[in-house]
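K.L.:
mmCIF, C-alpha atoms, file entry.cif:
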```cif
data_upload
#
loop_
_atom_site.group_PDB
_atom_site.id
_atom_site.type_symbol
_atom_site.label_atom_id
_atom_site.label_comp_id
_atom_site.auth_asym_id
_atom_site.auth_seq_id
_atom_site.Cartn_x
_atom_site.Cartn_y
_atom_site.Cartn_z
ATOM 1 C CA MET X 294 95.725 90.075 -24.593
ATOM 2 C CA THR X 295 97.203 92.143 -21.795
ATOM 3 C CA SER X 296 99.339 90.704 -19.047
ATOM 4 C CA THR X 297 96.471 91.122 -16.593
ATOM 5 C CA SER X 298 93.847 89.270 -18.609
ATOM 6 C CA MET X 299 93.674 85.526 -18.518
ATOM 7 C CA PRO X 300 91.966 83.346 -21.117
ATOM 8 C CA PRO X 301 88.565 82.315 -19.720
ATOM 9 C CA GLY X 302 89.421 78.647 -20.287
ATOM 10 C CA LEU X 303 92.582 78.972 -18.209
ATOM 11 C CA ALA X 304 90.648 80.684 -15.412
ATOM 12 C CA ARG X 305 88.111 77.825 -15.494
ATOM 13 C CA PHE X 306 90.901 75.231 -15.419
ATOM 14 C CA ASN X 307 92.549 76.965 -12.443
ATOM 15 C CA ALA X 308 89.204 77.010 -10.610
ATOM 16 C CA LEU X 309 88.354 73.342 -11.195
ATOM 17 C CA GLU X 310 88.090 71.062 -8.201
ATOM 18 C CA GLU X 311 91.190 68.846 -7.991
ATOM 19 C CA HIS X 312 89.540 65.658 -9.265
ATOM 20 C CA ALA X 313 87.937 67.454 -12.226
ATOM 21 C CA ALA X 314 91.244 69.139 -13.108
ATOM 22 C CA LEU X 315 93.068 65.809 -12.914
ATOM 23 C CA THR X 316 90.443 64.255 -15.197
ATOM 24 C CA ALA X 317 90.853 67.109 -17.706
ATOM 25 C CA LEU X 318 94.626 66.696 -17.654
ATOM 26 C CA HIS X 319 94.332 62.918 -18.123
ATOM 27 C CA GLU X 320 92.297 63.578 -21.256
ATOM 28 C CA ALA X 321 95.262 65.569 -22.567
ATOM 29 C CA CYS X 322 97.911 63.033 -21.531
ATOM 30 C CA ALA X 323 97.578 59.575 -19.986
ATOM 31 C CA SER X 324 100.671 59.992 -17.782
ATOM 32 C CA THR X 325 99.658 60.255 -14.140
ATOM 33 C CA ALA X 326 103.026 61.796 -13.201
ATOM 34 C CA TRP X 327 102.621 64.509 -15.859
ATOM 35 C CA ALA X 328 99.051 65.292 -14.799
ATOM 36 C CA LYS X 329 99.907 65.441 -11.085
ATOM 37 C CA ARG X 330 102.859 67.735 -11.730
ATOM 38 C CA LEU X 331 100.703 70.158 -13.723
ATOM 39 C CA LEU X 332 97.953 69.963 -11.138
ATOM 40 C CA ALA X 333 100.374 70.769 -8.306
ATOM 41 C CA ALA X 334 101.591 73.932 -10.060
ATOM 42 C CA ARG X 335 98.151 75.541 -10.339
ATOM 43 C CA PRO X 336 97.108 78.280 -10.594
ATOM 44 C CA TYR X 337 98.696 79.330 -13.874
ATOM 45 C CA THR X 338 98.785 83.025 -14.695
ATOM 46 C CA THR X 339 99.193 82.513 -18.449
ATOM 47 C CA SER X 340 98.713 79.766 -20.987
ATOM 48 C CA GLU X 341 102.437 79.934 -21.727
ATOM 49 C CA ALA X 342 103.187 79.167 -18.068
ATOM 50 C CA LEU X 343 101.006 76.061 -18.357
ATOM 51 C CA TYR X 344 102.736 75.001 -21.585
ATOM 52 C CA ALA X 345 106.165 75.527 -20.033
ATOM 53 C CA ALA X 346 105.135 73.422 -17.034
ATOM 54 C CA SER X 347 103.929 70.731 -19.428
ATOM 55 C CA ASP X 348 107.227 70.766 -21.341
ATOM 56 C CA ALA X 349 109.199 70.463 -18.100
ATOM 57 C CA ALA X 350 106.976 67.613 -16.893
ATOM 58 C CA VAL X 351 107.371 65.735 -20.211
ATOM 59 C CA ALA X 352 111.155 66.175 -20.027
ATOM 60 C CA ASP X 353 111.160 64.610 -16.552
ATOM 61 C CA LEU X 354 108.986 61.576 -17.346
ATOM 62 C CA THR X 355 110.586 58.257 -16.469
ATOM 63 C CA ALA X 356 110.541 55.404 -18.976
ATOM 64 C CA ASP X 357 107.483 53.963 -17.194
ATOM 65 C CA ASP X 358 105.719 57.350 -17.205
ATOM 66 C CA LEU X 359 106.439 57.724 -20.918
ATOM 67 C CA ALA X 360 105.062 54.232 -21.554
ATOM 68 C CA GLU X 361 101.898 55.147 -19.628
ATOM 69 C CA ALA X 362 101.506 58.300 -21.730
ATOM 70 C CA MET X 363 101.968 56.396 -24.996
ATOM 71 C CA ALA X 364 99.440 53.761 -23.954
ATOM 72 C CA GLY X 365 96.799 56.488 -24.175
ATOM 73 C CA HIS X 366 97.401 56.967 -27.901
ATOM 74 C CA PRO X 367 95.813 54.771 -30.564
ATOM 75 C CA PRO X 368 97.859 53.649 -33.579
ATOM 76 C CA ILE X 369 97.995 56.057 -36.521
ATOM 77 C CA GLY X 370 95.198 55.161 -38.898
ATOM 78 C CA ARG X 371 93.059 53.617 -36.159
ATOM 79 C CA PRO X 372 91.661 56.403 -33.958
ATOM 80 C CA LYS X 373 89.725 55.345 -30.888
ATOM 81 C CA PRO X 374 86.073 54.760 -31.842
ATOM 82 C CA GLY X 375 83.914 57.568 -30.527
ATOM 83 C CA ASP X 376 86.919 59.698 -29.554
ATOM 84 C CA PRO X 377 86.714 63.044 -31.344
ATOM 85 C CA THR X 378 90.223 64.027 -30.202
ATOM 86 C CA SER X 379 92.029 61.106 -31.844
ATOM 87 C CA ALA X 380 89.805 61.383 -34.940
ATOM 88 C CA ARG X 381 90.582 65.110 -35.248
ATOM 89 C CA GLU X 382 94.301 64.608 -34.694
ATOM 90 C CA GLN X 383 94.501 61.784 -37.224
ATOM 91 C CA ARG X 384 92.368 63.535 -39.836
ATOM 92 C CA GLY X 385 95.210 63.158 -42.348
ATOM 93 C CA MET X 386 94.585 59.412 -42.490
ATOM 94 C CA ALA X 387 90.790 59.685 -42.793
ATOM 95 C CA GLY X 388 90.778 60.095 -46.571
ATOM 96 C CA ALA X 389 93.811 57.904 -47.228
ATOM 97 C CA SER X 390 93.602 55.204 -49.844
ATOM 98 C CA ASP X 391 93.111 51.601 -48.798
ATOM 99 C CA THR X 392 96.662 50.938 -49.991
ATOM 100 C CA LEU X 393 98.082 53.665 -47.740
ATOM 101 C CA LYS X 394 95.992 52.474 -44.779
ATOM 102 C CA ALA X 395 97.234 48.910 -45.265
ATOM 103 C CA GLU X 396 100.821 50.125 -45.563
ATOM 104 C CA MET X 397 100.432 52.184 -42.397
ATOM 105 C CA LEU X 398 99.063 49.165 -40.546
ATOM 106 C CA GLU X 399 102.110 47.110 -41.568
ATOM 107 C CA LEU X 400 104.480 49.918 -40.591
ATOM 108 C CA ASN X 401 102.726 50.395 -37.238
ATOM 109 C CA LEU X 402 103.152 46.685 -36.521
ATOM 110 C CA ALA X 403 106.824 46.729 -37.539
ATOM 111 C CA TYR X 404 107.406 49.788 -35.366
ATOM 112 C CA GLN X 405 105.654 48.236 -32.378
ATOM 113 C CA GLU X 406 107.637 45.026 -32.850
ATOM 114 C CA LYS X 407 110.924 46.945 -32.865
ATOM 115 C CA PHE X 408 110.260 49.491 -30.116
ATOM 116 C CA GLY X 409 107.582 47.799 -27.994
ATOM 117 C CA HIS X 410 105.107 50.668 -28.139
ATOM 118 C CA VAL X 411 102.783 52.552 -30.444
ATOM 119 C CA PHE X 412 104.274 54.857 -33.094
ATOM 120 C CA LEU X 413 103.725 58.315 -31.621
ATOM 121 C CA ILE X 414 103.743 61.402 -33.782
ATOM 122 C CA CYS X 415 102.051 64.764 -33.545
ATOM 123 C CA ALA X 416 99.644 63.942 -36.379
ATOM 124 C CA THR X 417 97.777 67.265 -36.322
ATOM 125 C CA GLY X 418 98.088 68.875 -39.738
ATOM 126 C CA ARG X 419 99.982 65.962 -41.304
ATOM 127 C CA THR X 420 98.867 63.998 -44.319
ATOM 128 C CA GLY X 421 98.731 60.219 -44.351
ATOM 129 C CA GLU X 422 101.753 60.191 -46.633
ATOM 130 C CA GLN X 423 103.738 62.384 -44.222
ATOM 131 C CA MET X 424 102.932 60.059 -41.330
ATOM 132 C CA ARG X 425 103.872 57.015 -43.403
ATOM 133 C CA ASP X 426 107.170 58.624 -44.387
ATOM 134 C CA ALA X 427 107.887 59.523 -40.757
ATOM 135 C CA VAL X 428 107.336 55.981 -39.469
ATOM 136 C CA ARG X 429 109.493 54.600 -42.295
ATOM 137 C CA GLU X 430 112.304 56.968 -41.363
ATOM 138 C CA ARG X 431 111.989 56.412 -37.625
ATOM 139 C CA LEU X 432 112.131 52.623 -37.972
ATOM 140 C CA GLY X 433 115.862 53.116 -38.567
ATOM 141 C CA ASN X 434 116.392 54.804 -35.192
ATOM 142 C CA THR X 435 118.002 53.268 -32.158
ATOM 143 C CA PRO X 436 115.649 52.754 -29.200
ATOM 144 C CA GLU X 437 117.406 55.583 -27.333
ATOM 145 C CA ARG X 438 117.023 58.042 -30.222
ATOM 146 C CA GLU X 439 113.410 57.008 -30.746
ATOM 147 C CA ARG X 440 112.579 57.515 -27.075
ATOM 148 C CA GLU X 441 113.767 61.137 -27.324
ATOM 149 C CA ILE X 442 111.753 61.706 -30.507
ATOM 150 C CA VAL X 443 108.689 60.237 -28.807
ATOM 151 C CA ARG X 444 109.224 62.584 -25.865
ATOM 152 C CA THR X 445 109.365 65.566 -28.253
ATOM 153 C CA GLU X 446 106.247 64.429 -30.130
ATOM 154 C CA LEU X 447 104.377 63.884 -26.852
ATOM 155 C CA GLY X 448 105.277 67.422 -25.798
ATOM 156 C CA LYS X 449 103.815 68.807 -29.046
ATOM 157 C CA ILE X 450 100.632 66.770 -28.650
ATOM 158 C CA ASN X 451 100.223 67.857 -25.037
ATOM 159 C CA ARG X 452 100.611 71.536 -25.978
ATOM 160 C CA ILE X 453 97.910 71.238 -28.648
ATOM 161 C CA ARG X 454 95.553 69.459 -26.278
ATOM 162 C CA LEU X 455 96.207 71.910 -23.454
ATOM 163 C CA ALA X 456 95.555 74.814 -25.830
ATOM 164 C CA ARG X 457 92.173 73.309 -26.671
ATOM 165 C CA LEU X 458 91.481 72.991 -22.938
ATOM 166 C CA VAL X 459 92.437 76.508 -21.872
ATOM 167 C CA GLU X 460 92.284 78.707 -24.960
ATOM 168 C CA GLY X 461 88.960 77.550 -26.344
ATOM 169 C CA ASP X 462 85.755 79.097 -25.149
#
```
Would it be possible to restate this file's structure as structure tokens?

P.N.:
Amino acid sequence: MTSTSMPPGLARFNALEEHAALTALHEACASTAWAKRLLAARPYTTSEALYAASDAAVADLTADDLAEAMAGHPPIGRPKPGDPTSAREQRGMAGASDTLKAEMLELNLAYQEKFGHVFLICATGRTGEQMRDAVRERLGNTPEREREIVRTELGKINRIRLARLVEGD
């Protein structure tokens, strides 16, 4: 792609009416602050510029903004019914054994009890076992360390979702 050509999806996103663009961004991330920041920086000349703006917005989220973003994510192993995005992202748990699903449920509950929010991980491309191992490991983190890991994972998720929004045709 040359520097003068823009992905058609990015051009469409840039041209969306404000409310429609905000709705599309909210589908990528439930944080209102994140979505408004990305909306305010339109138009984007490249997908990378959009991703960089997303990364900067995630880095600047307050604790409340981060909590709002996490509230939009279902627990691993329990994608939102009828939501193709969460089902696609959590595909690694779809074929998991009943034993692994039960273990993941217990770990999700232990994680939520300790940290007060859903276990957030960029699940795309991960197996159920990898997600289980990650939650086990992260249960040993301090709340401060975990908050930074969550921020990083949210940034990865947002990039994937934005790519689907602007790169797909």

K.L.:
Kindly indicate which residue among X:Asp357, X:Glu341, X:Glu311, X:Asp376 lies nearest to Thr325 (chain X), using all atoms listed in the file for the distances.

P.N.:
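Of X:Asp357, X:Glu341, X:Glu311, X:Asp376, the one nearest Thr325 (chain X) is X:Asp357, counting all atoms listed in the file.
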
K.L.:
Point out the residue among X:Thr339, X:Gln405, X:Ser347, X:Thr392 with the least atom-to-atom distance to Glu460 (chain X), counting all atoms listed in the file.

P.N.:
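The closest residue to Glu460 (chain X) is X:Thr339.
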
K.L.:
As a check of understanding, name the residues that the PyMOL selection byres ((chain X and resi 299) around 12) selects in the supplied structure, as a PyMOL selection string.

P.N.:
chain X and resi 294-298+300-307+336-343+459-460

K.L.:
Have a look at X:Pro436, X:Gly388, X:Gly409, X:Gly448 and name the one nearest to Gly421 (chain X); count all atoms listed in the file.

P.N.:
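Using all atoms listed in the file, Gly421 (chain X) sits closest to X:Gly388.
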
K.L.:
Which one of X:Ala380, X:Val428, X:Ala360, X:Leu447 sits closest to Asp348 (chain X) if you count only C-alpha atoms?

P.N.:
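Among X:Ala380, X:Val428, X:Ala360, X:Leu447, it is X:Leu447 that comes nearest to Asp348 (chain X).
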